[in-house]
$ cat structure-v3.cif   # mmCIF, C-alpha atoms
data_run
#
loop_
_atom_site.group_PDB
_atom_site.id
_atom_site.type_symbol
_atom_site.label_atom_id
_atom_site.label_comp_id
_atom_site.auth_asym_id
_atom_site.auth_seq_id
_atom_site.Cartn_x
_atom_site.Cartn_y
_atom_site.Cartn_z
ATOM 1 C CA MET A 1 135.678 102.392 81.241
ATOM 2 C CA ALA A 2 138.559 99.919 81.310
ATOM 3 C CA GLN A 3 137.687 96.265 80.885
ATOM 4 C CA GLN A 4 139.382 92.906 80.404
ATOM 5 C CA LYS A 5 137.891 89.743 78.975
ATOM 6 C CA ILE A 6 138.999 86.572 80.742
ATOM 7 C CA ASN A 7 139.545 83.535 78.535
ATOM 8 C CA LYS A 8 138.134 81.181 81.154
ATOM 9 C CA GLU A 9 134.745 79.481 80.993
ATOM 10 C CA TYR A 10 132.541 79.410 84.082
ATOM 11 C CA CYS A 11 129.709 76.952 84.618
ATOM 12 C CA LEU A 12 126.830 79.298 85.452
ATOM 13 C CA THR A 13 124.156 76.696 86.204
ATOM 14 C CA ASP A 14 123.135 73.065 85.712
ATOM 15 C CA ASN A 15 120.250 70.783 86.671
ATOM 16 C CA SER A 16 121.635 69.692 90.042
ATOM 17 C CA VAL A 17 119.988 70.346 93.416
ATOM 18 C CA ASN A 18 121.313 73.529 95.058
ATOM 19 C CA VAL A 19 122.065 74.231 98.722
ATOM 20 C CA TYR A 20 118.411 75.073 99.375
ATOM 21 C CA SER A 21 117.243 71.700 98.056
ATOM 22 C CA TYR A 22 115.450 73.047 94.991
ATOM 23 C CA ARG A 23 116.742 73.172 91.432
ATOM 24 C CA CYS A 24 116.419 75.318 88.321
ATOM 25 C CA LEU A 25 116.388 73.471 84.999
ATOM 26 C CA THR A 26 119.007 74.734 82.568
ATOM 27 C CA GLU A 27 116.704 74.115 79.600
ATOM 28 C CA GLY A 28 114.225 76.521 81.165
ATOM 29 C CA ILE A 29 116.537 79.526 81.509
ATOM 30 C CA GLN A 30 115.357 82.531 79.510
ATOM 31 C CA LEU A 31 118.648 84.118 78.445
ATOM 32 C CA ASN A 32 116.794 86.810 76.497
ATOM 33 C CA ARG A 33 115.328 87.993 79.825
ATOM 34 C CA TYR A 34 118.774 88.113 81.506
ATOM 35 C CA THR A 35 119.706 91.562 80.291
ATOM 36 C CA PRO A 36 122.007 93.259 80.856
ATOM 37 C CA ALA A 37 124.040 90.093 81.427
ATOM 38 C CA ILE A 38 125.944 91.478 84.418
ATOM 39 C CA GLY A 39 127.167 90.279 87.782
ATOM 40 C CA PHE A 40 128.625 91.554 91.019
ATOM 41 C CA LEU A 41 131.481 90.383 93.224
ATOM 42 C CA MET A 42 130.118 88.069 95.943
ATOM 43 C CA HIS A 43 126.589 89.385 95.117
ATOM 44 C CA ASN A 44 127.511 92.789 96.617
ATOM 45 C CA ARG A 45 125.571 95.224 94.453
ATOM 46 C CA GLU A 46 126.681 98.243 96.499
ATOM 47 C CA LYS A 47 130.220 97.982 95.121
ATOM 48 C CA GLY A 48 128.985 98.187 91.538
ATOM 49 C CA VAL A 49 128.997 95.870 88.522
ATOM 50 C CA ALA A 50 132.064 93.612 88.511
ATOM 51 C CA VAL A 51 131.533 91.616 85.315
ATOM 52 C CA ARG A 52 129.362 91.121 82.295
ATOM 53 C CA TRP A 53 129.039 87.711 80.643
ATOM 54 C CA GLU A 54 129.732 86.834 77.021
ATOM 55 C CA ASP A 55 130.092 83.717 74.833
ATOM 56 C CA PHE A 56 127.242 81.771 76.415
ATOM 57 C CA ARG A 57 127.434 78.064 75.539
ATOM 58 C CA PHE A 58 125.240 75.097 76.413
ATOM 59 C CA ASP A 59 126.779 71.663 76.931
ATOM 60 C CA GLY A 60 124.181 69.124 77.987
ATOM 61 C CA ASP A 61 122.516 70.498 81.145
ATOM 62 C CA LYS A 62 125.345 72.956 81.803
ATOM 63 C CA LEU A 63 125.455 76.625 80.776
ATOM 64 C CA TYR A 64 128.899 78.193 80.345
ATOM 65 C CA ALA A 65 130.060 81.771 79.699
ATOM 66 C CA LYS A 66 133.180 83.948 79.925
ATOM 67 C CA PRO A 67 133.431 87.089 82.111
ATOM 68 C CA VAL A 68 134.492 90.557 81.032
ATOM 69 C CA VAL A 69 135.867 92.290 84.137
ATOM 70 C CA ASN A 70 135.201 95.938 84.971
ATOM 71 C CA THR A 71 138.834 96.795 85.731
ATOM 72 C CA THR A 72 137.992 100.433 86.441
ATOM 73 C CA ALA A 73 135.966 99.532 89.538
ATOM 74 C CA PHE A 74 137.812 96.277 90.315
ATOM 75 C CA PRO A 75 141.451 96.774 89.224
ATOM 76 C CA ASP A 76 142.726 93.565 90.870
ATOM 77 C CA LEU A 77 139.834 91.217 90.065
ATOM 78 C CA ALA A 78 141.044 90.065 86.639
ATOM 79 C CA GLN A 79 144.387 88.988 88.065
ATOM 80 C CA GLN A 80 142.703 87.282 91.025
ATOM 81 C CA ILE A 81 140.519 85.349 88.581
ATOM 82 C CA GLU A 82 143.557 84.388 86.505
ATOM 83 C CA ASP A 83 145.293 83.248 89.699
ATOM 84 C CA GLY A 84 142.346 81.032 90.648
ATOM 85 C CA PHE A 85 141.011 82.907 93.683
ATOM 86 C CA TYR A 86 137.526 83.381 92.199
ATOM 87 C CA ASP A 87 136.755 80.240 90.236
ATOM 88 C CA ALA A 88 132.987 80.072 90.669
ATOM 89 C CA ALA A 89 129.831 81.811 89.490
ATOM 90 C CA SER A 90 126.517 82.080 91.337
ATOM 91 C CA CYS A 91 123.064 82.991 90.012
ATOM 92 C CA GLY A 92 121.474 85.666 92.170
ATOM 93 C CA LYS A 93 117.886 86.893 92.542
ATOM 94 C CA ILE A 94 116.144 84.041 90.751
ATOM 95 C CA VAL A 95 112.959 85.068 88.902
ATOM 96 C CA ALA A 96 110.699 82.008 88.625
ATOM 97 C CA LEU A 97 108.211 82.030 85.738
ATOM 98 C CA GLU A 98 107.034 78.418 86.010
ATOM 99 C CA TRP A 99 107.704 75.677 88.580
ATOM 100 C CA SER A 100 106.477 72.292 89.746
ATOM 101 C CA ASP A 101 106.291 70.316 92.984
ATOM 102 C CA ASP A 102 105.805 67.034 91.104
ATOM 103 C CA LYS A 103 107.687 64.255 92.942
ATOM 104 C CA ALA A 104 108.479 62.626 89.606
ATOM 105 C CA MET A 105 110.701 65.609 88.752
ATOM 106 C CA LYS A 106 112.666 65.550 92.013
ATOM 107 C CA LEU A 107 116.180 64.196 92.367
ATOM 108 C CA GLU A 108 117.712 62.522 95.403
ATOM 109 C CA GLY A 109 117.967 65.008 98.282
ATOM 110 C CA GLN A 110 115.538 67.465 96.653
ATOM 111 C CA THR A 111 112.786 68.591 99.029
ATOM 112 C CA GLY A 112 111.863 71.793 97.212
ATOM 113 C CA ILE A 113 110.348 72.700 93.882
ATOM 114 C CA THR A 114 111.714 72.295 90.369
ATOM 115 C CA VAL A 115 111.836 75.668 88.614
ATOM 116 C CA THR A 116 111.151 74.895 84.952
ATOM 117 C CA LYS A 117 111.182 78.397 83.475
ATOM 118 C CA TRP A 118 113.282 81.189 84.979
ATOM 119 C CA PHE A 119 116.043 83.767 84.663
ATOM 120 C CA PRO A 120 118.506 85.440 87.064
ATOM 121 C CA ARG A 121 118.876 89.171 87.739
ATOM 122 C CA ASP A 122 122.628 88.743 88.153
ATOM 123 C CA ILE A 123 125.295 86.055 87.942
ATOM 124 C CA SER A 124 128.071 87.000 90.313
ATOM 125 C CA ILE A 125 131.723 86.059 90.588
ATOM 126 C CA VAL A 126 132.202 84.215 93.896
ATOM 127 C CA ASP A 127 134.797 82.195 95.772
ATOM 128 C CA ILE A 128 132.349 79.396 96.690
ATOM 129 C CA PRO A 129 129.269 78.633 94.517
ATOM 130 C CA GLY A 130 125.754 78.328 95.924
ATOM 131 C CA ASN A 131 125.909 81.612 97.859
ATOM 132 C CA TYR A 132 123.464 81.209 100.746
ATOM 133 C CA ASN A 133 122.191 84.806 100.882
ATOM 134 C CA ALA A 134 121.839 85.098 97.116
ATOM 135 C CA LEU A 135 119.663 82.000 96.887
ATOM 136 C CA ALA A 136 117.531 82.769 99.929
ATOM 137 C CA LYS A 137 114.636 84.221 97.909
ATOM 138 C CA ILE A 138 112.806 83.530 94.678
ATOM 139 C CA TYR A 139 110.934 86.349 92.924
ATOM 140 C CA ASP A 140 108.154 86.676 90.360
ATOM 141 C CA GLU A 141 108.301 88.867 87.247
ATOM 142 C CA THR A 142 107.225 91.976 89.166
ATOM 143 C CA ASP A 143 109.888 91.569 91.885
ATOM 144 C CA ASN A 144 107.471 90.255 94.501
ATOM 145 C CA VAL A 145 108.976 87.614 96.788
ATOM 146 C CA LEU A 146 107.406 84.260 95.938
ATOM 147 C CA MET A 147 109.499 82.256 98.361
ATOM 148 C CA ASP A 148 111.593 83.365 101.319
ATOM 149 C CA LEU A 149 113.997 80.753 102.666
ATOM 150 C CA SER A 150 115.795 83.004 105.105
ATOM 151 C CA ASP A 151 113.193 83.251 107.899
ATOM 152 C CA THR A 152 113.442 80.116 110.050
ATOM 153 C CA ASN A 153 110.695 81.338 112.409
ATOM 154 C CA LYS A 154 108.034 80.694 109.766
ATOM 155 C CA GLY A 155 108.814 76.984 109.527
ATOM 156 C CA VAL A 156 107.510 75.878 106.148
ATOM 157 C CA ASN A 157 107.410 78.809 103.707
ATOM 158 C CA SER A 158 104.922 78.701 100.874
ATOM 159 C CA ILE A 159 104.260 80.646 97.716
ATOM 160 C CA ILE A 160 101.168 82.780 98.243
ATOM 161 C CA GLY A 161 98.306 81.452 96.153
ATOM 162 C CA LYS A 162 100.433 78.564 94.867
ATOM 163 C CA LYS A 163 100.698 74.943 95.915
ATOM 164 C CA PRO A 164 104.527 74.382 96.041
ATOM 165 C CA VAL A 165 105.971 74.580 99.547
ATOM 166 C CA PHE A 166 109.503 74.703 100.870
ATOM 167 C CA SER A 167 111.088 73.796 104.204
ATOM 168 C CA ALA A 168 113.698 76.339 105.283
ATOM 169 C CA THR A 169 114.441 74.425 108.498
ATOM 170 C CA LEU A 170 115.448 71.279 106.607
ATOM 171 C CA THR A 171 117.632 73.388 104.345
ATOM 172 C CA ILE A 172 119.450 74.995 107.282
ATOM 173 C CA LYS A 173 120.105 71.578 108.821
ATOM 174 C CA SER A 174 121.503 70.350 105.528
ATOM 175 C CA THR A 175 123.688 73.446 105.174
ATOM 176 C CA LEU A 176 125.096 72.926 108.687
ATOM 177 C CA ASN A 177 125.687 69.211 107.966
ATOM 178 C CA LEU A 178 123.129 68.200 110.604
ATOM 179 C CA LYS A 179 120.725 65.284 110.432
ATOM 180 C CA ASP A 180 117.045 65.926 109.654
ATOM 181 C CA ASN A 181 116.121 65.019 113.249
ATOM 182 C CA ALA A 182 118.576 67.522 114.760
ATOM 183 C CA THR A 183 117.160 69.447 117.738
ATOM 184 C CA SER A 184 116.879 73.228 118.094
ATOM 185 C CA LYS A 185 119.739 73.111 120.610
ATOM 186 C CA GLN A 186 121.982 71.321 118.114
ATOM 187 C CA ILE A 187 121.128 73.912 115.455
ATOM 188 C CA THR A 188 121.935 76.737 117.907
ATOM 189 C CA VAL A 189 125.299 75.163 118.821
ATOM 190 C CA ALA A 190 126.181 74.740 115.125
ATOM 191 C CA LEU A 191 125.223 78.348 114.339
ATOM 192 C CA THR A 192 127.235 79.627 117.330
ATOM 193 C CA ASP A 193 130.276 77.705 116.123
ATOM 194 C CA LEU A 194 129.785 79.108 112.633
ATOM 195 C CA ARG A 195 129.636 82.674 113.992
ATOM 196 C CA ALA A 196 132.831 82.074 116.021
ATOM 197 C CA LYS A 197 134.633 80.865 112.905
ATOM 198 C CA ALA A 198 133.414 83.907 110.973
ATOM 199 C CA HIS A 199 134.707 86.182 113.769
ATOM 200 C CA ARG A 200 138.144 84.567 113.581
ATOM 201 C CA VAL A 201 138.187 85.020 109.824
ATOM 202 C CA ASN A 202 137.257 88.706 110.197
ATOM 203 C CA LYS A 203 140.095 89.256 112.697
ATOM 204 C CA ALA A 204 142.566 87.562 110.368
ATOM 205 C CA GLU A 205 141.398 89.704 107.444
ATOM 206 C CA LYS A 206 141.801 92.876 109.558
ATOM 207 C CA ALA A 207 145.342 91.863 110.536
ATOM 208 C CA LEU A 208 146.178 91.220 106.886
ATOM 209 C CA GLU A 209 144.805 94.644 105.897
ATOM 210 C CA ASP A 210 147.030 96.307 108.525
ATOM 211 C CA LEU A 211 150.111 94.443 107.302
ATOM 212 C CA ASN A 212 149.316 95.333 103.694
ATOM 213 C CA ARG A 213 148.915 99.013 104.594
ATOM 214 C CA ILE A 214 152.320 99.109 106.315
ATOM 215 C CA GLU A 215 154.004 97.333 103.390
ATOM 216 C CA VAL A 216 152.337 99.571 100.780
ATOM 217 C CA ASP A 217 153.456 102.734 102.619
ATOM 218 C CA LYS A 218 157.008 101.378 102.800
ATOM 219 C CA ILE A 219 157.075 100.624 99.055
ATOM 220 C CA LEU A 220 155.621 104.028 98.134
ATOM 221 C CA ASN A 221 158.082 105.900 100.366
ATOM 222 C CA LYS A 222 160.936 104.055 98.689
ATOM 223 C CA GLY A 223 159.519 104.917 95.256
ATOM 224 C CA ARG A 224 159.298 108.579 96.220
ATOM 225 C CA ALA A 225 162.861 108.572 97.564
ATOM 226 C CA GLU A 226 164.068 107.083 94.267
ATOM 227 C CA GLN A 227 162.305 109.887 92.377
ATOM 228 C CA LYS A 228 159.974 107.468 90.600
ATOM 229 C CA LEU A 229 156.661 108.825 91.886
ATOM 230 C CA THR A 230 154.963 112.150 92.332
ATOM 231 C CA LYS A 231 152.841 112.647 95.430
ATOM 232 C CA ASP A 232 149.611 112.506 93.413
ATOM 233 C CA LEU A 233 150.620 109.260 91.720
ATOM 234 C CA ALA A 234 151.668 107.740 95.048
ATOM 235 C CA ASP A 235 148.265 108.588 96.549
ATOM 236 C CA LYS A 236 146.457 106.943 93.628
ATOM 237 C CA LEU A 237 148.605 103.815 93.792
ATOM 238 C CA ARG A 238 148.024 103.581 97.545
ATOM 239 C CA LYS A 239 144.283 103.152 96.925
ATOM 240 C CA THR A 240 144.604 100.895 93.889
ATOM 241 C CA TYR A 241 147.135 98.520 95.459
ATOM 242 C CA ALA A 242 145.903 98.672 99.064
ATOM 243 C CA ASN A 243 145.636 94.867 99.188
ATOM 244 C CA ASN A 244 148.334 94.007 96.689
ATOM 245 C CA PRO A 245 151.787 95.140 97.933
ATOM 246 C CA LYS A 246 153.577 92.588 95.722
ATOM 247 C CA GLY A 247 151.893 93.960 92.608
ATOM 248 C CA LEU A 248 152.765 97.501 93.675
ATOM 249 C CA GLU A 249 156.414 96.578 94.250
ATOM 250 C CA ASP A 250 156.630 94.952 90.807
ATOM 251 C CA LEU A 251 155.055 98.019 89.188
ATOM 252 C CA ILE A 252 157.404 100.525 90.824
ATOM 253 C CA SER A 253 160.438 98.333 90.108
ATOM 254 C CA SER A 254 159.587 98.536 86.407
ATOM 255 C CA ILE A 255 159.533 102.355 86.401
ATOM 256 C CA LYS A 256 162.648 103.908 84.903
ATOM 257 C CA VAL A 257 163.716 107.358 86.092
ATOM 258 C CA ARG A 258 164.278 109.835 83.260
ATOM 259 C CA GLU A 259 167.604 111.608 83.511
ATOM 260 C CA LEU A 260 167.190 115.387 83.853
ATOM 261 C CA PRO A 261 169.030 117.206 81.022
ATOM 262 C CA GLU A 262 172.073 119.231 82.076
ATOM 263 C CA LYS A 263 170.465 122.437 80.800
ATOM 264 C CA TYR A 264 167.810 122.210 83.519
ATOM 265 C CA LYS A 265 169.978 121.180 86.440
ATOM 266 C CA GLY A 266 170.396 123.862 89.088
ATOM 267 C CA LYS A 267 167.715 126.111 87.625
ATOM 268 C CA THR A 268 164.953 127.415 89.854
ATOM 269 C CA PHE A 269 161.235 127.606 89.149
ATOM 270 C CA SER A 270 161.656 131.297 88.354
ATOM 271 C CA ASP A 271 164.619 130.643 86.026
ATOM 272 C CA LEU A 272 162.672 128.117 83.973
ATOM 273 C CA TYR A 273 159.607 130.342 83.875
ATOM 274 C CA LYS A 274 161.628 133.244 82.497
ATOM 275 C CA THR A 275 163.252 131.115 79.777
ATOM 276 C CA GLY A 276 159.981 129.479 78.733
ATOM 277 C CA GLU A 277 161.256 126.008 79.666
ATOM 278 C CA LEU A 278 158.959 125.441 82.638
ATOM 279 C CA GLU A 279 156.195 123.750 80.630
ATOM 280 C CA ASP A 280 158.636 121.195 79.193
ATOM 281 C CA VAL A 281 159.903 120.356 82.680
ATOM 282 C CA LYS A 282 156.353 120.060 84.012
ATOM 283 C CA THR A 283 155.353 117.683 81.202
ATOM 284 C CA ASN A 284 158.419 115.493 80.846
ATOM 285 C CA TYR A 285 160.096 115.693 84.277
ATOM 286 C CA PRO A 286 157.190 115.971 86.738
ATOM 287 C CA LEU A 287 159.221 114.843 89.756
ATOM 288 C CA TYR A 288 161.772 117.609 89.271
ATOM 289 C CA TYR A 289 158.951 120.065 88.617
ATOM 290 C CA GLU A 290 157.296 119.051 91.878
ATOM 291 C CA THR A 291 160.557 119.670 93.738
ATOM 292 C CA ILE A 292 161.268 123.123 92.320
ATOM 293 C CA LYS A 293 157.627 124.151 92.619
ATOM 294 C CA THR A 294 157.697 123.330 96.341
ATOM 295 C CA ASN A 295 160.915 125.325 96.825
ATOM 296 C CA LYS A 296 160.130 128.287 94.577
#
$ encode --input "structure-v3.cif" --output "structure tokens"
Amino acid sequence: MAQQKINKEYCLTDNSVNVYSYRCLTEGIQLNRYTPAIGFLMHNREKGVAVRWEDFRFDGDKLYAKPVVNTTAFPDLAQQIEDGFYDAASCGKIVALEWSDDKAMKLEGQTGITVTKWFPRDISIVDIPGNYNALAKIYDETDNVLMDLSDTNKGVNSIIGKKPVFSATLTIKSTLNLKDNATSKQITVALTDLRAKAHRVNKAEKALEDLNRIEVDKILNKGRAEQKLTKDLADKLRKTYANNPKGLEDLISSIKVRELPEKYKGKTFSDLYKTGELEDVKTNYPLYYETIKTNK
């Protein structure tokens, strides 16, 4: 499996209050329980492991590490990280081992618990830290949900058999930049506006995908016409560079066409087969081989 270590430190966690108004103390993280030390892209497990973390380092209440990118499954991710498009990390699926609802431990703006001993199941590469879906639940050691912050119909959600409680409604208001006394109608209007913005973003992304597809096909057709690519290679590059036409153009521009020796010019597939030269042509001049094979 191809991989690439990125020489860039990410802050994985600190003692600040997160978007759900609770916090996890850095000094309580159990790194020995975070194994394997892997992460996904935008917490999307279905697409496979995107990174693993190395070179963990504590600096005060901050925990840093460097990512090693799975370039087999995510061929463009390393470059996107280097270019600054994914500059954040987010702890996902928090497993709480010990926590407290002591007011003395709470910071300004903190309405939820303080998790004093914990570990994550994954730490993902993200564009914006504090991923809302990833932090919507807290689990115990046996994967049972201790706290669910995603169901607003339940009002105040509590840990079964435990004292600490958590207000999901207050968290949603904070996330939407609404005041604590905001009405249900105001929350609905804010959510509707958020959905409309998301729809516009999705349409823009679809338009960009269509433009990229047209540009990629144009670049590949040019590469084929210049005898730089076989059909199989063009098909592979089409998938790999589907969203990166500039990278594809740079790659194909760097390919040098090997000059076919005079002794092979004009010979048919049958001619080369009879003289025992066909294997050399197939290995070293695949584009010419593809042509004569098609016309044999």
$ atom_distance --input "structure-v3.cif" --atom1 "CA of Gly276 in chain A" --atom2 "CA of Lys256 in chain A"
26.4 Å
$ residues_near_point --input "structure-v3.cif" --point "(156.9, 111.1, 91.0)" --cutoff "9 Å" --atoms "all atoms listed in the file" --output "number ranges by chain"
A: 223-224, 226-234, 285-288, 290
$ resolve_selection --input "structure-v3.cif" --expression "the PyMOL selection byres ((chain A and resi 241-255) around 7)" --output "number ranges by chain"
A: 209, 212-213, 215-216, 219, 223, 228, 237-240, 256-257
$ atom_distance --input "structure-v3.cif" --atom1 "CA of Asp55 in chain A" --atom2 "CA of Leu12 in chain A"
12.0 Å
$ atom_distance --input "structure-v3.cif" --atom1 "CA of Asp102 in chain A" --atom2 "CA of Val115 in chain A"
10.8 Å
$ axis_aligned_box --input "structure-v3.cif" --around "range 122-125 of chain A" --padding-each-side "8 Å" --output "JSON"
{"center_x": 127.2, "center_y": 87.4, "center_z": 89.3, "size_x": 25.1, "size_y": 18.7, "size_z": 18.6}
